[in-house]
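final.txt (compact mmCIF, C-alpha atoms)
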```txt
# COMPACT_ATOMS: atom_id res chain seq x y z
CA MET A 1 61.58 23.74 -1.73
CA LYS A 2 61.35 20.82 0.70
CA LYS A 3 59.48 23.06 3.14
CA ILE A 4 56.87 23.93 0.50
CA ILE A 5 56.34 20.27 -0.39
CA VAL A 6 55.98 19.28 3.27
CA THR A 7 53.57 22.24 3.86
CA CYS A 8 51.47 21.25 0.83
CA PHE A 9 51.45 17.63 1.95
CA LEU A 10 50.33 18.62 5.45
CA LEU A 11 47.62 20.93 4.07
CA ILE A 12 46.32 18.12 1.82
CA LEU A 13 46.24 15.81 4.85
CA ILE A 14 44.36 18.39 6.96
CA PHE A 15 41.75 19.10 4.28
CA THR A 16 41.34 15.40 3.49
CA GLY A 17 40.78 14.83 7.23
CA ILE A 18 38.14 17.55 7.35
CA ALA A 19 36.43 16.17 4.23
CA MET A 20 36.46 12.64 5.68
CA SER A 21 34.97 13.81 8.97
CA ILE A 22 32.14 15.59 7.08
CA ALA A 23 31.53 12.44 5.04
CA ASN A 24 31.51 10.40 8.24
CA LEU A 25 28.84 12.63 9.74
CA ARG A 26 26.50 11.57 6.95
CA GLN A 27 27.23 7.91 7.47
CA ASN A 28 24.88 7.53 10.40
CA ALA A 29 21.92 8.16 8.05
CA TYR A 30 22.74 4.97 6.18
CA ALA A 31 23.62 2.80 9.18
CA MET A 32 21.31 -0.13 9.83
CA ALA A 33 18.94 0.77 12.62
CA ALA A 34 17.37 -1.67 15.07
CA ILE A 35 13.89 -2.73 13.94
CA TRP A 36 11.18 -2.21 16.52
CA GLY A 37 7.66 -3.47 16.07
CA THR A 38 4.86 -5.76 17.14
CA ALA A 39 5.09 -9.54 16.76
CA THR A 40 2.56 -10.06 13.98
CA VAL A 41 1.26 -13.07 12.10
CA GLU A 42 1.36 -12.69 8.32
CA THR A 43 -0.51 -15.18 6.14
CA SER A 44 0.10 -13.70 2.69
CA LEU A 45 3.12 -15.22 0.89
CA PHE A 46 3.75 -11.92 -0.83
CA TRP A 47 3.93 -9.91 2.40
CA GLN A 48 5.96 -12.65 4.06
CA LEU A 49 8.61 -12.14 1.37
CA VAL A 50 8.47 -8.33 1.78
CA TYR A 51 8.99 -8.56 5.54
CA TYR A 52 11.71 -11.19 5.14
CA LEU A 53 13.64 -8.93 2.76
CA GLN A 54 13.18 -6.04 5.20
CA GLY A 55 14.82 -8.19 7.90
CA ARG A 56 11.68 -8.46 10.00
CA TRP A 57 11.31 -12.26 10.30
CA LEU A 58 11.05 -13.61 13.87
CA TYR A 59 9.90 -17.25 13.63
CA ASP A 60 7.43 -19.38 11.64
CA ASN A 61 5.02 -16.87 10.01
CA VAL A 62 5.58 -14.20 12.67
CA TYR A 63 7.26 -10.88 11.78
CA CYS A 64 8.29 -7.79 13.74
CA ILE A 65 6.25 -5.05 12.02
CA GLY A 66 4.04 -2.06 12.74
CA ASN A 67 4.11 0.11 15.83
CA PRO A 68 6.86 -0.58 18.39
CA SER A 69 5.53 -2.66 21.28
CA ASP A 70 6.87 -6.15 21.98
CA CYS A 71 9.73 -7.03 19.61
CA VAL A 72 13.07 -5.70 18.42
CA ILE A 73 15.58 -7.03 15.88
CA GLU A 74 19.13 -5.82 16.39
CA PRO A 75 21.28 -5.36 13.26
CA MET B 1 -54.94 5.16 -8.99
CA LYS B 2 -53.39 6.49 -12.20
CA LYS B 3 -51.61 9.25 -10.27
CA ILE B 4 -50.13 6.76 -7.82
CA PHE B 5 -48.95 4.60 -10.69
CA ILE B 6 -47.27 7.58 -12.38
CA LEU B 7 -45.67 8.61 -9.07
CA ILE B 8 -44.21 5.11 -8.58
CA ILE B 9 -42.77 5.13 -12.12
CA LEU B 10 -41.38 8.64 -11.57
CA PHE B 11 -39.85 7.62 -8.22
CA ASN B 12 -38.16 4.58 -9.76
CA PHE B 13 -36.88 6.65 -12.67
CA LEU B 14 -35.41 9.29 -10.33
CA LYS B 15 -33.91 6.59 -8.11
CA SER B 16 -32.17 4.89 -11.03
CA ALA B 17 -31.02 8.22 -12.45
CA PHE B 18 -29.25 9.20 -9.21
CA THR B 19 -27.86 5.81 -8.19
CA TRP B 20 -24.27 4.88 -8.83
CA GLU B 21 -23.56 1.75 -10.80
CA ILE B 22 -20.35 -0.29 -11.09
CA ARG B 23 -20.12 -2.33 -14.25
CA LEU B 24 -17.45 -4.81 -15.31
CA THR B 25 -16.24 -3.77 -18.77
CA GLU B 26 -13.08 -5.79 -19.32
CA ARG B 27 -11.03 -8.69 -17.96
CA ILE B 28 -7.31 -8.83 -18.72
CA ILE B 29 -5.54 -12.08 -17.94
CA ILE B 30 -1.83 -11.59 -17.31
CA ASN B 31 0.13 -14.07 -19.42
CA GLN B 32 2.26 -16.19 -17.10
CA LYS B 33 3.59 -18.66 -19.69
CA ASP B 34 6.39 -16.96 -21.66
CA TYR B 35 8.55 -15.60 -18.88
CA PRO B 36 9.50 -16.30 -15.27
CA PRO B 37 6.03 -15.96 -13.77
CA LEU B 38 5.02 -12.67 -12.25
CA PHE B 39 5.07 -12.50 -8.45
CA SER B 40 3.53 -9.22 -7.53
CA SER B 41 0.81 -7.47 -5.66
CA PHE B 42 1.08 -3.98 -7.05
CA PHE B 43 0.66 -2.31 -10.40
CA ALA B 44 -0.07 1.03 -12.03
CA LEU B 45 -1.59 2.15 -15.30
CA LEU B 46 0.49 4.03 -17.88
CA GLU B 47 -0.94 6.78 -20.14
CA ASP B 48 -1.30 4.40 -23.09
CA GLY B 49 -3.42 1.93 -21.14
CA ASN B 50 -0.62 -0.59 -20.53
CA PHE B 51 0.22 -1.82 -17.04
CA ILE B 52 3.45 -1.61 -15.06
CA PHE B 53 4.04 -4.16 -12.30
CA THR B 54 6.77 -4.59 -9.72
CA ASP B 55 8.05 -8.16 -9.33
CA ILE B 56 9.64 -8.75 -5.94
CA LYS B 57 11.05 -12.19 -6.87
CA ASP B 58 12.39 -11.90 -10.41
CA ARG B 59 16.20 -11.51 -10.32
CA GLU B 60 16.37 -10.22 -13.90
CA ALA B 61 13.31 -7.98 -14.15
CA GLN B 62 12.00 -6.19 -11.08
CA LEU B 63 9.77 -4.02 -13.27
CA LYS B 64 7.52 -5.39 -16.00
CA ILE B 65 5.19 -3.77 -18.51
CA TYR B 66 2.20 -5.71 -19.85
CA ASP B 67 -0.03 -4.60 -22.70
CA GLN B 68 -3.82 -4.51 -22.67
CA GLU B 69 -3.99 -8.15 -23.73
CA GLY B 70 -1.86 -9.16 -20.75
CA LYS B 71 1.26 -9.85 -22.84
CA LEU B 72 4.67 -8.93 -21.43
CA ILE B 73 6.27 -6.22 -23.55
CA LYS B 74 9.22 -5.18 -21.39
CA GLY B 75 11.02 -6.35 -18.26
CA TRP B 76 14.05 -4.71 -16.70
CA GLY B 77 15.84 -3.92 -13.44
CA LYS B 78 18.17 -6.57 -12.01
CA MET B 79 18.09 -7.65 -8.39
CA GLY B 80 21.39 -7.15 -6.55
CA PRO B 81 23.50 -4.98 -4.27
CA GLY B 82 24.70 -2.54 -6.96
CA PRO B 83 23.66 1.12 -7.13
CA ASP B 84 21.46 0.58 -10.19
CA GLU B 85 20.07 -2.71 -8.96
CA PHE B 86 17.03 -3.36 -6.80
CA GLY B 87 16.54 -5.40 -3.64
CA GLY B 88 12.91 -6.48 -4.05
CA LEU B 89 10.40 -3.94 -5.34
CA PHE B 90 6.85 -4.00 -4.05
CA LEU B 91 4.75 -0.81 -3.77
CA ILE B 92 4.40 1.31 -6.91
CA ASP B 93 2.74 4.57 -7.92
CA TYR B 94 2.75 6.34 -11.27
CA GLN B 95 1.74 9.97 -11.75
CA SER B 96 2.92 10.94 -15.21
CA PRO B 97 5.87 11.33 -15.76
CA TYR B 98 7.06 10.09 -12.35
CA LEU B 99 7.18 6.52 -11.11
CA ALA B 100 7.84 5.73 -7.44
CA VAL B 101 8.74 2.23 -6.27
CA LEU B 102 9.53 0.98 -2.77
CA ASP B 103 12.46 -1.40 -2.31
CA ALA B 104 12.12 -3.86 0.59
CA GLN B 105 15.76 -4.81 1.08
CA LYS B 106 17.27 -1.39 0.46
CA HIS B 107 14.59 0.43 2.50
CA SER B 108 14.44 3.05 -0.24
CA VAL B 109 11.98 4.67 -2.59
CA TYR B 110 13.27 5.15 -6.12
CA ILE B 111 11.90 7.96 -8.24
CA LEU B 112 12.06 7.30 -11.96
CA GLU B 113 11.08 9.66 -14.76
CA LYS B 114 9.41 8.24 -17.83
CA LEU B 115 11.17 9.24 -21.04
CA GLU B 116 10.31 8.30 -24.63
CA GLY B 117 8.84 4.84 -25.14
CA TYR B 118 9.22 2.71 -22.06
CA ASN B 119 12.54 4.11 -20.92
CA PHE B 120 12.79 5.30 -17.34
CA LYS B 121 15.58 7.38 -15.82
CA LYS B 122 16.33 7.28 -12.10
CA ILE B 123 16.13 10.84 -10.76
CA GLY B 124 16.06 10.24 -7.03
CA GLN B 125 16.46 7.77 -4.20
CA ILE B 126 14.88 8.35 -0.80
CA LEU B 127 16.19 6.36 2.12
CA CYS B 128 13.28 5.61 4.45
CA TRP B 129 13.60 2.90 7.10
CA GLU B 130 10.11 3.64 8.33
CA ALA B 131 8.23 3.23 5.03
CA ASN B 132 6.04 0.18 4.69
CA ASN B 133 2.68 0.87 3.12
CA PRO B 134 1.01 2.75 1.43
CA LEU B 135 2.94 4.85 -1.15
CA LYS B 136 1.70 7.76 -3.30
CA ILE B 137 3.28 10.55 -5.31
CA TYR B 138 2.02 14.03 -4.43
CA LYS B 139 3.55 16.92 -6.38
CA ASN B 140 7.34 16.58 -5.85
CA TYR B 141 6.92 14.48 -2.73
CA VAL B 142 6.31 10.84 -1.96
CA ILE B 143 3.74 10.10 0.74
CA MET B 144 4.58 7.00 2.73
CA GLY B 145 2.92 5.01 5.47
CA GLY B 146 4.86 3.72 8.46
CA TYR B 147 5.47 4.45 12.11
CA ILE B 148 7.72 7.50 12.43
CA VAL B 149 8.67 9.78 15.31
CA SER B 150 9.34 13.48 14.65
CA LYS B 151 12.26 15.40 16.14
CA LYS B 152 9.79 16.76 18.70
CA GLY B 153 8.95 13.19 19.76
CA GLU B 154 5.47 13.14 18.17
CA LYS B 155 4.33 9.85 16.62
CA TYR B 156 2.92 9.68 13.09
CA ILE B 157 1.72 7.01 10.67
CA LEU B 158 1.94 9.03 7.45
CA PHE B 159 4.75 11.28 6.28
CA MET B 160 6.12 12.64 3.04
CA ARG B 161 9.62 13.24 1.72
CA ASP B 162 10.71 15.31 -1.25
CA PHE B 163 12.22 13.61 -4.31
CA LYS B 164 15.74 14.46 -3.06
CA GLY B 165 15.04 12.79 0.28
CA GLN B 166 16.06 15.86 2.26
CA LYS B 167 12.83 17.26 3.63
CA THR B 168 10.37 15.27 5.74
CA ILE B 169 6.86 16.53 6.45
CA TYR B 170 4.86 14.68 9.09
CA LEU B 171 1.21 14.17 8.19
CA LEU B 172 -1.16 11.93 10.13
CA PRO B 173 -0.68 11.49 13.91
CA LEU B 174 -0.66 7.92 15.27
CA ASP B 175 -3.93 8.44 17.15
CA TYR B 176 -5.80 8.47 13.81
CA GLN B 177 -4.46 5.06 12.71
CA TYR B 178 -7.84 3.32 12.93
CA GLY B 179 -9.99 6.37 12.22
CA THR B 180 -9.83 7.04 15.94
CA LYS B 181 -9.58 10.57 17.24
CA SER B 182 -7.92 10.22 20.63
CA THR B 183 -5.10 8.27 22.24
CA LYS B 184 -7.64 6.40 24.39
CA ASP B 185 -9.73 5.29 21.39
CA TYR B 186 -6.59 4.37 19.46
CA LYS B 187 -5.32 2.19 22.32
CA GLU B 188 -8.70 0.47 22.65
CA VAL B 189 -8.72 -0.57 18.99
CA GLN B 190 -4.99 -1.40 19.05
CA GLU B 191 -5.61 -3.78 21.95
CA ARG B 192 -8.20 -5.70 19.88
CA VAL B 193 -6.38 -5.89 16.54
CA SER B 194 -2.60 -5.92 17.08
CA GLY B 195 -0.75 -9.14 16.31
CA PHE B 196 -2.63 -9.83 13.10
CA SER B 197 -1.24 -8.38 9.89
CA GLN B 198 -2.49 -4.90 9.14
CA MET B 199 -2.49 -2.67 6.11
CA ALA B 200 -3.53 0.88 5.32
CA PHE B 201 -4.66 2.54 2.11
CA ILE B 202 -4.60 6.10 0.82
CA ASP B 203 -5.74 8.06 -2.20
CA ILE B 204 -5.39 11.73 -3.00
CA TYR B 205 -7.59 14.10 -4.93
CA GLU B 206 -5.92 17.48 -5.48
CA ASP B 207 -4.87 18.47 -1.92
CA THR B 208 -7.19 16.11 -0.06
CA LEU B 209 -5.80 12.83 1.19
CA PHE B 210 -8.09 9.99 2.23
CA TYR B 211 -6.71 7.35 4.58
CA ILE B 212 -8.22 4.13 5.93
CA SER B 213 -6.84 1.17 7.90
CA ASP B 214 -7.91 -2.34 6.93
CA VAL B 215 -9.60 -3.15 10.24
CA ARG B 216 -12.17 -0.36 10.65
CA LEU B 217 -14.60 1.33 8.23
CA LYS B 218 -13.47 4.83 9.22
CA VAL B 219 -12.08 7.21 6.62
CA VAL B 220 -9.70 9.97 7.67
CA LYS B 221 -9.87 13.02 5.42
CA PHE B 222 -6.68 15.05 5.63
CA ASN B 223 -6.12 18.37 3.91
CA LEU B 224 -2.48 18.45 2.83
CA LYS B 225 -2.42 22.26 2.72
CA THR B 226 -4.33 23.26 5.84
CA LYS B 227 -3.59 20.03 7.78
CA THR B 228 -7.22 19.82 8.93
CA ILE B 229 -8.48 16.34 9.79
CA GLU B 230 -12.01 14.91 9.60
CA VAL B 231 -13.18 11.36 10.23
CA PHE B 232 -16.27 9.73 8.71
CA GLY B 233 -17.62 6.31 7.84
CA HIS B 234 -20.88 4.47 7.43
CA GLU B 235 -21.38 1.32 9.47
CA SER B 236 -22.44 -1.60 7.34
CA LYS B 237 -24.16 -4.83 8.34
CA ASN B 238 -21.79 -6.49 5.87
CA PHE B 239 -18.64 -5.33 7.68
CA ARG B 240 -17.56 -7.30 10.74
CA ASN B 241 -14.90 -5.54 12.84
CA LEU B 242 -11.80 -7.56 13.75
CA GLU B 243 -11.90 -8.24 17.49
CA MET B 244 -9.35 -10.44 19.28
CA ASN B 245 -9.15 -11.25 22.95
CA LYS B 246 -5.94 -12.13 24.79
CA ARG B 247 -6.39 -15.87 24.31
CA THR B 248 -6.86 -15.52 20.54
CA LYS B 249 -3.74 -13.37 20.38
CA ASP B 250 -1.72 -15.91 22.37
CA ASP B 251 -2.97 -18.74 20.12
CA LEU B 252 -2.13 -16.64 17.06
CA LEU B 253 1.51 -16.38 18.12
CA ASN B 254 1.72 -20.08 19.01
CA PRO B 255 3.40 -21.89 16.06
CA GLN B 256 1.19 -24.97 16.62
CA LEU B 257 -2.08 -23.02 16.42
CA SER B 258 -1.12 -19.95 14.42
CA ARG B 259 -2.19 -21.04 10.93
CA GLN B 260 -5.57 -22.37 12.04
CA VAL B 261 -6.37 -19.26 14.12
CA ALA B 262 -5.28 -16.95 11.28
CA GLU B 263 -7.54 -18.81 8.82
CA GLU B 264 -10.46 -18.48 11.23
CA LEU B 265 -9.85 -14.75 11.67
CA LEU B 266 -9.67 -14.20 7.90
CA THR B 267 -13.00 -15.99 7.44
CA LYS B 268 -14.82 -14.57 10.45
CA PHE B 269 -14.03 -10.87 10.02
CA SER B 270 -14.10 -8.25 7.25
CA PHE B 271 -11.14 -6.24 5.99
CA VAL B 272 -10.89 -2.96 4.14
CA ALA B 273 -9.16 -3.78 0.85
CA GLY B 274 -8.64 -0.46 -0.95
CA ILE B 275 -9.65 3.19 -1.38
CA PHE B 276 -10.07 5.49 -4.39
CA ALA B 277 -11.14 9.08 -4.93
CA ASP B 278 -12.02 11.51 -7.73
CA LYS B 279 -13.59 14.96 -7.90
CA ASP B 280 -17.05 13.66 -6.96
CA ILE B 281 -16.68 10.60 -4.82
CA LEU B 282 -14.62 8.56 -2.43
CA GLY B 283 -14.82 4.79 -2.78
CA VAL B 284 -13.97 2.24 -0.10
CA LEU B 285 -13.56 -1.45 -0.89
CA PHE B 286 -13.90 -4.06 1.81
CA VAL B 287 -13.86 -7.84 1.56
CA ASN B 288 -15.56 -10.81 3.13
CA ARG B 289 -14.30 -14.35 2.66
CA GLU B 290 -17.49 -15.92 1.38
CA LYS B 291 -17.12 -17.35 -2.13
CA ARG B 292 -16.52 -21.09 -2.14
CA ILE B 293 -15.08 -22.76 -5.25
CA ASP B 294 -14.16 -26.44 -4.92
CA ASN B 295 -12.32 -26.64 -1.60
CA GLN B 296 -11.13 -23.04 -1.59
CA ILE B 297 -12.82 -20.02 -0.09
CA TYR B 298 -12.16 -16.59 -1.61
CA PHE B 299 -12.59 -12.93 -0.71
CA VAL B 300 -15.40 -11.00 -2.39
CA PRO B 301 -15.38 -7.18 -2.42
CA TYR B 302 -18.07 -4.73 -1.43
CA VAL B 303 -17.85 -1.10 -2.46
CA GLN B 304 -19.04 1.91 -0.48
CA LEU B 305 -19.27 5.36 -2.05
CA TYR B 306 -19.23 8.68 -0.19
CA ASP B 307 -19.17 12.28 -1.32
CA HIS B 308 -16.24 14.42 -0.22
CA GLU B 309 -18.19 15.72 2.77
CA GLY B 310 -18.43 12.17 4.06
CA ASN B 311 -22.10 11.60 3.21
CA PHE B 312 -22.81 7.96 2.46
CA LEU B 313 -24.17 7.38 -1.06
CA PHE B 314 -24.13 3.73 -1.91
CA GLU B 315 -23.01 0.20 -1.03
CA ARG B 316 -22.89 -2.83 -3.30
CA LYS B 317 -21.33 -6.24 -3.49
CA ILE B 318 -19.11 -6.78 -6.54
CA ASP B 319 -20.01 -10.41 -7.07
CA ASP B 320 -18.18 -10.90 -10.37
CA PHE B 321 -14.78 -10.50 -8.65
CA TYR B 322 -12.94 -12.69 -6.17
CA SER B 323 -9.38 -13.09 -4.92
CA GLU B 324 -7.38 -15.13 -2.44
CA GLU B 325 -5.88 -12.08 -0.73
CA ASN B 326 -7.71 -9.87 1.76
CA TYR B 327 -6.49 -6.70 0.02
CA ILE B 328 -7.15 -5.68 -3.58
CA PRO B 329 -4.39 -3.97 -5.56
CA LEU B 330 -6.11 -1.25 -7.56
CA PHE B 331 -5.56 1.65 -9.89
CA TYR B 332 -8.23 4.32 -10.36
CA GLN B 333 -8.46 6.55 -13.46
CA LYS B 334 -9.93 9.63 -11.85
CA LYS B 335 -11.15 11.50 -14.95
CA GLU B 336 -12.59 8.48 -16.73
CA LYS B 337 -13.91 6.88 -13.51
CA ASN B 338 -12.41 3.51 -14.42
CA LEU B 339 -11.47 1.23 -11.55
CA TYR B 340 -8.90 -1.52 -12.19
CA LEU B 341 -8.87 -4.32 -9.61
CA LEU B 342 -6.29 -7.10 -9.50
CA SER B 343 -7.51 -10.59 -8.68
CA MET B 344 -4.99 -13.18 -7.48
CA VAL B 345 -5.96 -16.85 -7.53
CA SER B 346 -3.48 -19.74 -7.20
CA ASP B 347 -3.67 -23.14 -8.81
CA LYS B 348 -1.14 -25.97 -9.06
CA TYR B 349 0.85 -24.05 -11.72
CA GLY B 350 1.19 -20.79 -9.76
CA ILE B 351 -0.68 -17.52 -9.26
CA ASN B 352 -3.14 -16.32 -11.90
CA TYR B 353 -3.42 -12.53 -12.13
CA ILE B 354 -6.54 -11.02 -13.68
CA ILE B 355 -7.14 -7.28 -13.97
CA CYS B 356 -10.85 -6.46 -13.90
CA LYS B 357 -11.82 -3.06 -15.28
CA TYR B 358 -14.98 -1.51 -13.84
CA ALA B 359 -16.75 1.62 -15.01
CA LEU B 360 -18.37 3.82 -12.36
CA GLN B 361 -21.50 5.45 -13.68
```

Starting from the file, give its structure as structure tokens.
Amino acid sequence: MKKIIVTCFLLILIFTGIAMSIANLRQNAYAMAAIWGTATVETSLFWQLVYYLQGRWLYDNVYCIGNPSDCVIEP
Amino acid sequence: MKKIFILIILFNFLKSAFTWEIRLTERIIINQKDYPPLFSSFFALLEDGNFIFTDIKDREAQLKIYDQEGKLIKGWGKMGPGPDEFGGLFLIDYQSPYLAVLDAQKHSVYILEKLEGYNFKKIGQILCWEANNPLKIYKNYVIMGGYIVSKKGEKYILFMRDFKGQKTIYLLPLDYQYGTKSTKDYKEVQERVSGFSQMAFIDIYEDTLFYISDVRLKVVKFNLKTKTIEVFGHESKNFRNLEMNKRTKDDLLNPQLSRQVAEELLTKFSFVAGIFADKDILGVLFVNREKRIDNQIYFVPYVQLYDHEGNFLFERKIDDFYSEENYIPLFYQKKEKNLYLLSMVSDKYGINYIICKYALQ
């Protein structure tokens, strides 16, 4: 009886491990990536707020947006 | 003499009969008094003629519906970290019954389905770090603008993802960003315009997508089925291309000079402000900062019309519209040929939003 319980317990552990590893593989899709862009002046208050919420603010009214060239923001 | 006179009358009649006209038919002032004031730049039109706005600032209502008198009739969608909360909505598109909204903080597009009344049910969430602007629903996909690199290492500025967020289709290669056709031409324009905020605009008619950047009057026509690309555009004496040299760019990034240089650039150059298409025509809006009221100077739009082959038809200044932004949020009713433009003008109490409805005839 004990043997069956231990076997079941081990099997549950193995399958949980496999399930966790599969779930972990998907995690990289949701991980924060570094933001690459071009240091760009934004004058519109609306777009300043958009870029701020996106984590693209560099300094003053300059944001790291657009095609990657001269700025990067690490997470 | 009589014959000449008749010919002149006939010529004028034919000219007026085949010329497009854009006429202001309605002005809707968005009521900003009864509620936390709207802070938005994007809206869409619902089937019943009411308007749906995103509000990037409002912590209690990230989505708001206004009626045709500009009165708020519903606001919902809290701001927060939860799964059913939003992190700052900005771009919006509505193609009945689907609504797509882009969330700045969560880097996601939400797909909502309109049910009875003004109830919306979330049916999908697409994670997209690359998405910035523009945003359009096309069949069961969402077309997004933003720099993206394919698995093969090719660079694109437009892509689309299905409602489940599983399939990505790459659309417009980077080289076409400014209506340019080669890497060399792209780099030349990039050198002159980068560092100053840029936008892009798209509209779709059936399977044809029209794309334009805000710094050049060049339309890219992209067939979503065959993937063929054409570029066209009519140079206008009213459109002044943004050109910056190295010194201007350095000054622009200098905190002491930045604001002054940016103001000068906004006044000196023209910017494409929107695009719209239906079965007959493609319309391009561009703005010049030329209307002075008191101490403020505002942007005034010009409209260019083309046929789908890229033949230039018409250009006119829309002098009964002005705004403080160099882009014009718009919604175009393709069948009815009604163009809704959103004007944004600040005063000491806040931003005044006015929707101007134009009929294209």

Counting all atoms listed in the file, the residue of B:Phe222, B:Gln198, B:Phe312, B:Thr208 that sits nearest Glu235 (chain B)
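Using all atoms listed in the file, Glu235 (chain B) sits closest to B:Phe312.
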
Leaving out Tyr63 (chain A) and any residue of its chain fewer than 4 positions from it, which residues lie within 12 Å of it when counting all atoms listed in the file, given as a count of residues only?
32

Suppose you want the space between CA of Arg27 (chain B) and CA of Lys357 (chain B); what is it in Å?
6.3 Å

Near Pro37 (chain B), within 10 Å and counting all atoms listed in the file, which residues show up once chain neighbours fewer than 6 positions away are dropped, as a VMD selection string?
chain B and resid 30 to 31 55 57 to 58 349 to 352

Applying 7 Å and only C-alpha atoms, which residues near Leu89 (chain B) remain after dropping the ones on its own chain fewer than 4 positions away? List them as an NGL selection string.
:B and (54-56 or 62 or 101-104)

What's the separation between CA of Phe39 (chain B) and CA of Pro83 (chain B), in Å to one decimal place?
23.1 Å

Would you give me, as number ranges by chain, the residues of chain B that come within 10 Å of chain A, using all atoms listed in the file?
B: 39-41, 56-57, 87-90, 103-107, 127-130, 132, 146-148, 155, 157, 174, 190, 194-199, 249, 252-256, 258-259, 262-263, 266, 324-327

Could the residues in this selection be saved with C-alpha atoms as a short mmCIF file (atom, residue, chain, number, x, y, z; two decimals), keeping the file's coordinate frame?
```cif
data_model
loop_
_atom_site.label_atom_id
_atom_site.label_comp_id
_atom_site.auth_asym_id
_atom_site.auth_seq_id
_atom_site.Cartn_x
_atom_site.Cartn_y
_atom_site.Cartn_z
CA PHE B 39 5.07 -12.50 -8.45
CA SER B 40 3.53 -9.22 -7.53
CA SER B 41 0.81 -7.47 -5.66
CA ILE B 56 9.64 -8.75 -5.94
CA LYS B 57 11.05 -12.19 -6.87
CA GLY B 87 16.54 -5.40 -3.64
CA GLY B 88 12.91 -6.48 -4.05
CA LEU B 89 10.40 -3.94 -5.34
CA PHE B 90 6.85 -4.00 -4.05
CA ASP B 103 12.46 -1.40 -2.31
CA ALA B 104 12.12 -3.86 0.59
CA GLN B 105 15.76 -4.81 1.08
CA LYS B 106 17.27 -1.39 0.46
CA HIS B 107 14.59 0.43 2.50
CA LEU B 127 16.19 6.36 2.12
CA CYS B 128 13.28 5.61 4.45
CA TRP B 129 13.60 2.90 7.10
CA GLU B 130 10.11 3.64 8.33
CA ASN B 132 6.04 0.18 4.69
CA GLY B 146 4.86 3.72 8.46
CA TYR B 147 5.47 4.45 12.11
CA ILE B 148 7.72 7.50 12.43
CA LYS B 155 4.33 9.85 16.62
CA ILE B 157 1.72 7.01 10.67
CA LEU B 174 -0.66 7.92 15.27
CA GLN B 190 -4.99 -1.40 19.05
CA SER B 194 -2.60 -5.92 17.08
CA GLY B 195 -0.75 -9.14 16.31
CA PHE B 196 -2.63 -9.83 13.10
CA SER B 197 -1.24 -8.38 9.89
CA GLN B 198 -2.49 -4.90 9.14
CA MET B 199 -2.49 -2.67 6.11
CA LYS B 249 -3.74 -13.37 20.38
CA LEU B 252 -2.13 -16.64 17.06
CA LEU B 253 1.51 -16.38 18.12
CA ASN B 254 1.72 -20.08 19.01
CA PRO B 255 3.40 -21.89 16.06
CA GLN B 256 1.19 -24.97 16.62
CA SER B 258 -1.12 -19.95 14.42
CA ARG B 259 -2.19 -21.04 10.93
CA ALA B 262 -5.28 -16.95 11.28
CA GLU B 263 -7.54 -18.81 8.82
CA LEU B 266 -9.67 -14.20 7.90
CA GLU B 324 -7.38 -15.13 -2.44
CA GLU B 325 -5.88 -12.08 -0.73
CA ASN B 326 -7.71 -9.87 1.76
CA TYR B 327 -6.49 -6.70 0.02
#
```

Find the distance between CA of Leu330 (chain B) and CA of Gly274 (chain B) and write it in Å to one decimal.
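Going from CA of Leu330 (chain B) over to CA of Gly274 (chain B) covers 7.1 Å.
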
Please report, as lines of an AutoDock Vina configuration file, the centre and edge lengths in Å to one decimal of an axis-aligned box covering all listed atoms of region 153-156 of chain B with 5 Å per side.
```
center_x = 5.9
center_y = 11.4
center_z = 16.4
size_x = 16.0
size_y = 13.5
size_z = 16.7
```

Would you save region 276-284 of chain B from the block above with N, CA and C atoms, as an mmCIF file, in the first residue's frame?
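The result, stored in decode.cif:
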```
data_model
loop_
_atom_site.group_PDB
_atom_site.id
_atom_site.type_symbol
_atom_site.label_atom_id
_atom_site.label_comp_id
_atom_site.auth_asym_id
_atom_site.auth_seq_id
_atom_site.Cartn_x
_atom_site.Cartn_y
_atom_site.Cartn_z
ATOM 1 N N PHE B 276 -7.659 58.479 -45.330
ATOM 2 C CA PHE B 276 -8.940 57.764 -45.356
ATOM 3 C C PHE B 276 -9.223 57.281 -46.773
ATOM 4 N N ALA B 277 -9.952 56.162 -46.859
ATOM 5 C CA ALA B 277 -10.195 55.567 -48.182
ATOM 6 C C ALA B 277 -11.595 54.988 -48.258
ATOM 7 N N ASP B 278 -12.185 55.040 -49.465
ATOM 8 C CA ASP B 278 -13.434 54.312 -49.720
ATOM 9 C C ASP B 278 -13.324 53.665 -51.094
ATOM 10 N N LYS B 279 -14.463 53.257 -51.674
ATOM 11 C CA LYS B 279 -14.373 52.513 -52.934
ATOM 12 C C LYS B 279 -13.890 53.384 -54.104
ATOM 13 N N ASP B 280 -14.061 54.692 -53.987
ATOM 14 C CA ASP B 280 -13.692 55.580 -55.091
ATOM 15 C C ASP B 280 -12.361 56.292 -54.882
ATOM 16 N N ILE B 281 -12.161 56.745 -53.672
ATOM 17 C CA ILE B 281 -11.051 57.682 -53.455
ATOM 18 C C ILE B 281 -10.163 57.316 -52.266
ATOM 19 N N LEU B 282 -9.002 57.967 -52.285
ATOM 20 C CA LEU B 282 -8.114 57.944 -51.133
ATOM 21 C C LEU B 282 -7.897 59.407 -50.742
ATOM 22 N N GLY B 283 -8.067 59.716 -49.494
ATOM 23 C CA GLY B 283 -7.865 61.088 -49.029
ATOM 24 C C GLY B 283 -6.665 61.179 -48.108
ATOM 25 N N VAL B 284 -5.875 62.223 -48.290
ATOM 26 C CA VAL B 284 -4.725 62.471 -47.417
ATOM 27 C C VAL B 284 -4.904 63.853 -46.794
#
```
